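J.: I am sharing start_36.cif, which consists of mmCIF, C-alpha atoms:
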data_upload
#
loop_
_atom_site.group_PDB
_atom_site.id
_atom_site.type_symbol
_atom_site.label_atom_id
_atom_site.label_comp_id
_atom_site.auth_asym_id
_atom_site.auth_seq_id
_atom_site.Cartn_x
_atom_site.Cartn_y
_atom_site.Cartn_z
ATOM 1 C CA MET Q 786 27.782 -32.572 -9.684
ATOM 2 C CA THR Q 787 25.382 -33.320 -12.521
ATOM 3 C CA LYS Q 788 24.934 -31.639 -15.870
ATOM 4 C CA HIS Q 789 21.763 -30.026 -14.449
ATOM 5 C CA THR Q 790 23.745 -28.604 -11.510
ATOM 6 C CA PRO Q 791 26.720 -26.807 -13.080
ATOM 7 C CA VAL Q 792 27.457 -24.885 -9.861
ATOM 8 C CA ASP Q 793 27.922 -26.911 -6.679
ATOM 9 C CA GLY Q 794 29.234 -24.246 -4.344
ATOM 10 C CA PRO Q 795 29.299 -22.090 -2.430
ATOM 11 C CA TYR Q 796 25.605 -22.177 -3.401
ATOM 12 C CA ARG Q 797 24.285 -24.951 -5.644
ATOM 13 C CA ILE Q 798 22.603 -23.703 -8.853
ATOM 14 C CA THR Q 799 20.463 -26.057 -10.904
ATOM 15 C CA VAL Q 800 19.521 -25.117 -14.461
ATOM 16 C CA GLU Q 801 16.486 -26.552 -16.240
ATOM 17 C CA SER Q 802 14.787 -25.714 -19.494
ATOM 18 C CA ILE Q 803 11.343 -24.181 -19.869
ATOM 19 C CA PRO Q 804 9.541 -23.516 -23.154
ATOM 20 C CA THR Q 805 10.791 -19.930 -23.348
ATOM 21 C CA GLY Q 806 14.297 -20.303 -21.879
ATOM 22 C CA VAL Q 807 15.703 -21.616 -18.609
ATOM 23 C CA THR Q 808 15.131 -21.499 -14.879
ATOM 24 C CA LEU Q 809 17.902 -21.123 -12.334
ATOM 25 C CA ASP Q 810 17.089 -22.875 -9.064
ATOM 26 C CA VAL Q 811 19.005 -21.012 -6.354
ATOM 27 C CA GLU Q 812 17.234 -22.472 -3.314
ATOM 28 C CA PRO Q 813 20.427 -22.781 -1.180
ATOM 29 C CA PHE Q 814 21.135 -19.085 -1.765
ATOM 30 C CA VAL Q 815 17.564 -18.115 -0.927
ATOM 31 C CA GLN Q 816 17.771 -20.208 2.259
ATOM 32 C CA ARG Q 817 20.857 -18.228 3.254
ATOM 33 C CA VAL Q 818 19.096 -14.930 2.507
ATOM 34 C CA VAL Q 819 16.055 -15.969 4.552
ATOM 35 C CA THR Q 820 18.395 -16.972 7.392
ATOM 36 C CA ASP Q 821 20.053 -13.544 7.179
ATOM 37 C CA VAL Q 822 16.658 -11.827 7.224
ATOM 38 C CA ILE Q 823 15.382 -13.755 10.228
ATOM 39 C CA GLU Q 824 18.628 -13.207 12.116
ATOM 40 C CA ARG Q 825 18.407 -9.456 11.406
ATOM 41 C CA LEU Q 826 14.749 -9.246 12.356
ATOM 42 C CA LEU Q 827 15.578 -10.753 15.739
ATOM 43 C CA THR Q 828 18.045 -7.968 16.540
ATOM 44 C CA ASP Q 829 17.163 -4.801 18.422
ATOM 45 C CA ALA Q 830 17.595 -2.807 15.208
ATOM 46 C CA PHE Q 831 14.610 -4.501 13.527
ATOM 47 C CA ALA Q 832 12.537 -6.331 16.174
ATOM 48 C CA ASP Q 833 10.734 -3.180 17.324
ATOM 49 C CA ARG Q 834 9.935 -2.184 13.743
ATOM 50 C CA LEU Q 835 8.603 -5.656 12.974
ATOM 51 C CA ALA Q 836 6.421 -5.545 16.098
ATOM 52 C CA ALA Q 837 5.126 -2.122 15.064
ATOM 53 C CA LEU Q 838 4.200 -3.472 11.630
ATOM 54 C CA TYR Q 839 2.338 -6.332 13.265
ATOM 55 C CA ASP Q 840 0.416 -3.870 15.445
ATOM 56 C CA MET Q 841 -0.456 -1.750 12.388
ATOM 57 C CA GLN Q 842 -2.249 -4.571 10.568
ATOM 58 C CA ALA Q 843 -5.609 -3.374 11.874
ATOM 59 C CA ARG Q 844 -5.192 0.078 10.277
ATOM 60 C CA ASP Q 845 -7.680 1.538 7.836
ATOM 61 C CA PRO Q 846 -6.926 -0.092 4.442
ATOM 62 C CA HIS Q 847 -8.246 3.010 2.661
ATOM 63 C CA LEU Q 848 -5.919 5.389 4.465
ATOM 64 C CA ILE Q 849 -3.756 7.335 2.020
ATOM 65 C CA GLU Q 850 -0.162 7.321 3.195
ATOM 66 C CA ARG Q 851 2.823 9.335 2.050
ATOM 67 C CA PRO Q 852 5.987 7.403 1.061
ATOM 68 C CA GLN Q 853 7.676 8.255 4.366
ATOM 69 C CA ASP Q 854 4.632 6.731 6.146
ATOM 70 C CA LEU Q 855 5.150 3.272 4.608
ATOM 71 C CA PRO Q 856 6.891 1.308 7.361
ATOM 72 C CA PHE Q 857 6.611 -2.056 5.583
ATOM 73 C CA GLU Q 858 8.430 -0.801 2.487
ATOM 74 C CA GLY Q 859 11.003 0.957 4.658
ATOM 75 C CA LEU Q 860 11.659 -2.247 6.609
ATOM 76 C CA VAL Q 861 12.002 -4.214 3.354
ATOM 77 C CA ASP Q 862 14.527 -1.665 2.056
ATOM 78 C CA ASP Q 863 16.525 -1.626 5.289
ATOM 79 C CA VAL Q 864 16.664 -5.433 5.657
ATOM 80 C CA THR Q 865 17.574 -5.803 1.974
ATOM 81 C CA ALA Q 866 20.475 -3.433 2.583
ATOM 82 C CA VAL Q 867 21.991 -5.798 5.170
ATOM 83 C CA VAL Q 868 21.409 -9.272 3.674
ATOM 84 C CA ARG Q 869 23.066 -11.111 0.807
ATOM 85 C CA THR Q 870 22.034 -9.919 -2.618
ATOM 86 C CA ARG Q 871 24.791 -11.394 -4.774
ATOM 87 C CA LEU Q 872 25.064 -15.015 -5.830
ATOM 88 C CA PRO Q 873 28.732 -15.924 -6.306
ATOM 89 C CA VAL Q 874 29.787 -18.330 -9.062
ATOM 90 C CA TYR Q 875 33.486 -19.158 -9.103
ATOM 91 C CA GLY Q 876 36.034 -20.227 -11.710
ATOM 92 C CA LEU Q 877 35.088 -23.049 -14.017
ATOM 93 C CA GLN Q 878 31.627 -23.189 -12.480
ATOM 94 C CA ALA Q 879 30.865 -19.861 -14.186
ATOM 95 C CA LEU Q 880 31.689 -21.435 -17.532
ATOM 96 C CA ARG Q 881 29.663 -24.570 -16.734
ATOM 97 C CA LEU Q 882 26.715 -22.374 -15.753
ATOM 98 C CA ALA Q 883 27.002 -20.322 -18.936
ATOM 99 C CA GLY Q 884 27.315 -23.510 -20.991
ATOM 100 C CA ARG Q 885 24.246 -25.066 -19.373
ATOM 101 C CA ILE Q 886 22.202 -21.898 -19.877
ATOM 102 C CA GLU Q 887 23.300 -21.719 -23.515
ATOM 103 C CA GLN Q 888 22.512 -25.413 -24.032
ATOM 104 C CA LEU Q 889 18.987 -25.019 -22.686
ATOM 105 C CA ALA Q 890 18.188 -21.537 -23.967
ATOM 106 C CA THR Q 891 19.292 -22.022 -27.585
ATOM 107 C CA PRO Q 892 16.366 -24.283 -28.623
ATOM 108 C CA ALA Q 893 13.835 -22.035 -26.886
ATOM 109 C CA ILE Q 894 15.232 -18.903 -28.503
ATOM 110 C CA SER Q 895 15.329 -20.607 -31.908
ATOM 111 C CA ALA Q 896 11.705 -21.667 -31.515
ATOM 112 C CA LEU Q 897 10.671 -18.137 -30.544
ATOM 113 C CA GLN Q 898 12.553 -16.615 -33.461
ATOM 114 C CA SER Q 899 11.026 -19.019 -35.971
ATOM 115 C CA ALA Q 900 7.465 -18.579 -34.664
ATOM 116 C CA PRO Q 901 5.136 -16.486 -36.830
ATOM 117 C CA GLU Q 902 5.086 -12.839 -35.790
ATOM 118 C CA GLY Q 903 2.633 -12.087 -32.979
ATOM 119 C CA SER Q 904 2.189 -15.740 -31.945
ATOM 120 C CA ALA Q 905 4.832 -15.898 -29.205
ATOM 121 C CA ALA Q 906 5.774 -13.539 -26.408
ATOM 122 C CA ALA Q 907 9.395 -12.471 -26.305
#
Translate the structure described by the file into structure tokens.

T.:
Amino acid sequence: MTKHTPVDGPYRITVESIPTGVTLDVEPFVQRVVTDVIERLLTDAFADRLAALYDMQARDPHLIERPQDLPFEGLVDDVTAVVRTRLPVYGLQALRLAGRIEQLATPAISALQSAPEGSAAA
């Protein structure tokens, strides 16, 4: 584990500074979510809906649809309901993550607070 990677499991989280704060790189978690999504899409519960969406691509782009007629959004909602949406951080790793975020965010926040009014976006 490095100081840039305060969380090494179950999903590695890398923290890096940017001018206005920090970024959290959660690629291993996203890989797991994508795996969950693909696995779900290959089941009978979602495969037919995905095929129907593919077939609908040639529809009139100017067609006005009611919310219940939006199969893409409905599929997104239903798949989201069955895949991972929480990123666990355990024990001391939570403190290391918080410490790394504080370490990187403090200078950015200080710079934003000391900038003349109207010159920096919050």

J.: Go ahead and compute the interatomic distance for CA of Gly806 in chain Q and CA of Ala893 in chain Q, in Å to one decimal.

T.: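 Here the two named atoms are 5.3 Å from each other.
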
J.: With the file shown as input, list the residues that the PyMOL selection byres ((chain Q and resi 875-891) around 10) selects, as a list in words.

T.: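 Checked against the file, the PyMOL selection byres ((chain Q and resi 875-891) around 10) matches Lys788, His789, Thr790, Pro791, Val792, Asp793, Gly794, Pro795, Ile798, Thr799, Val800, Glu801, Ser802, Ile803, Pro804, Thr805, Gly806, Val807, Thr808, Leu809, Leu872, Pro873, Val874, Pro892, Ala893, Ile894, Ser895, Ala896 and Leu897 of chain Q.
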
J.: Using the chain letters and numbers from this file, what does the PyMOL selection byres ((chain Q and resi 822) around 12) select? Give the answer as a ChimeraX atom specification.

T.: /Q:815-821,823-828,831-832,835,860-870

J.: How many Å lie between CA of Leu838 in chain Q and CA of Phe857 in chain Q, rounded to one decimal?

T.: 6.7 Å

J.: What is the CA of Asp833 in chain Q to CA of Leu855 in chain Q distance in Å?

T.: 15.3 Å
